[in-house]
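Here the structure comes first, spelled out in structure tokens, and everything after it is commentary.
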Amino acid sequence: MNNPFPFFVQSYMLKRKKKRTFVNRLLNATEKVGNALPHPATLFLLFAVSVLLFSMVAHWFDWSGIHPGTGEEVHVINLISHDGLHRILLEMVDNFTGFAPLGIVLVAMLGIGIAEGSGLIGALIRLLVLSAPRRLLTFVLVFAGIVSNVASDVGYVLLIPLAGIIFKAVGRHPITGMAAAFAGVSGGFSANLLLGTVDPLLAGLSTEAAQIVDPEYVVNPTANYYFMVVSTFVIALAGTLVTERIVAPRLGDYSGDGKVDDGEFGPLTPIEKKGLLWSGIVTIIITAVVLFGLIPENGLLRGKDGTVLNSPVIRGVVAWLVIFSAGAGITYGKVVGKYRSDGDIMNSMAESLKTLATYMVLVFFAAQFVAYFKWSNLGLVLAIKGAGFLSAMNMGLIPLVIVFIIFAAILNMFMGSASAKWALLAPIFIPIFMFLGYSPELAQVVFRIGDSVTNIISPMMSFFALIIAFIQKYEKDAGIGTVIATMLPYSIVFMIVWTLLIVVWIWIGLPLGPDAGLYY
């Protein structure tokens, strides 16, 4: 007697194949559109030129608005004029060197480079993942992915392939493990327990934008710290549930060979363990020094007003990031033999700065764009008009937050760089939030949510091609559709969960970080 099930299975697989073909066509079209866009630096050059032209046109039409704070009438200034052209030429260098995020990121990367070059960060990730109980393995992978963002790209190049090897070793589909790690590294990009390079970078851009309205306003790198710490555990749990309930059942068991060189992902050696021990001791000593300067009421590290919030520990967090990274990294490198002389340490710092070459080119044009936007008053008038429009709609804070998250998530599909997007959006949205009575810190955290959740399904994400290459080690025919289909559930769930979290956070009225409230 013939079994009818193969026919139905065949029919189902045929339909599934057609659906995948349609999805691939759709995603290929998205990829072509994205590849057709100019380089981000070129985009900012075009934006800067556009600001100059719009400033001239808006000035001709006498475009203006009433500043809600001062009651003064604000007019658009024509930059294609005698005074405007002189200012553009004379302040070009100052725009670049005085651009808030540039110095912050360069200094932070010097410390991160020492820790990364010594092998300390890679060893910590291996220790965290390899020592995890099997039943907690998925959670640990997602969690480790989120935490790895403090070290820039190390999660992509180390943790994701390591996750595939670990899952294969315990008898599970390696792509399931890689998906969990990728979800944490990229989808949870804005969450963390520690401050990383992205925090001072975005804070610098937010400060530039906030000073359009309030020249004295400063957004600290710790602006979203409380929210991001809580987000780390929420996103790790959400990623674990998606992996176990959706991704793992869909991928099923693994039957391929997937030969991969496991050497660099093996257990820690005795010398590496010794290096971690001594770097841990140094970290504890530095922490003790910091606490000794903060805890006493007259401590040397307290602010001028005697508070912790205004102390150089909080306001100078980038300096402490360098100190902790350098202290632990140098100690680890000395113990394992990676750093045999001061030249080795300097080379690691230099290598970390080499990765910023493209970023500095981008910053040059972004700095000009931001400066022109500020000088022309276009950002201020747009914010006044935008705030008036949103106020007239009576949208309320929660709908505004949801709309902004969706907008940032969609934009992320076509523009990969978080700093590039925020450099474009901050001068518009931060003043709008401020004029509506909400803090720049809130606008920043809302952007970070939207910017994170679609990283894992965006072909414009710089490491997307690398992820495809990793997956092809286990599934030769894998392509962009494979990655999108695997990661889309994470993207949808992360957006829903993170949006609910910020809504609840606002409803309760909790601060987003030290001295960073919800209202302006």
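All residue names refer to the structure tokens as shown: chains lettered A, B, ... in order, residues numbered from 1 in each chain, ligands numbered from 1 in order.
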Could you give me, as JSON lines, a per-residue list for range 396-463 of chain A showing, wherever an atom lies at most 8 Å from an atom of range 217-241 of chain A, the closest pair of atoms and their distance in Å to one decimal, using only C-alpha atoms and sorting by chain then residue number from low to high?
```
{"residue": "A:Pro440", "atom": "CA", "partner": "A:Val219", "partner_atom": "CA", "distance": 7.4}
{"residue": "A:Glu441", "atom": "CA", "partner": "A:Ala223", "partner_atom": "CA", "distance": 5.8}
{"residue": "A:Val445", "atom": "CA", "partner": "A:Asn224", "partner_atom": "CA", "distance": 6.3}
```
Which of range 136-286 of chain A DSSP labels helix (DSSP H, G or I), written as a PyMOL selection string: chain A and resi 136-151+154-169+174-187+198-210+225-251+263-265+270-286
Nearest to Gly450 in chain A, chosen from A:Phe182, A:Phe407, A:Phe369, A:Phe324, with only C-alpha atoms counted in the distances: A:Phe407
Pairwise distance for CA of Met395 in chain A and CA of Leu436 in chain A, rounded to one decimal in Å: 10.9 Å
Contacts of Arg448 in chain A at 10 Å (only C-alpha atoms; same-chain gap of 5+ positions) as a ChimeraX atom specification: /A:188-191,202,224,228,405,408-409,418,422,442-443,453
Leu321 in chain A surroundings by only C-alpha atoms, 10 Å radius, close-in-sequence under 4 positions cut, as number ranges by chain: A: 107-112, 194-197, 313, 316-317, 325-327
Residue among A:Lys421, A:Leu120, A:Asp342, A:Val361 lying closest to Gly280 in chain A, counting only C-alpha atoms: A:Leu120
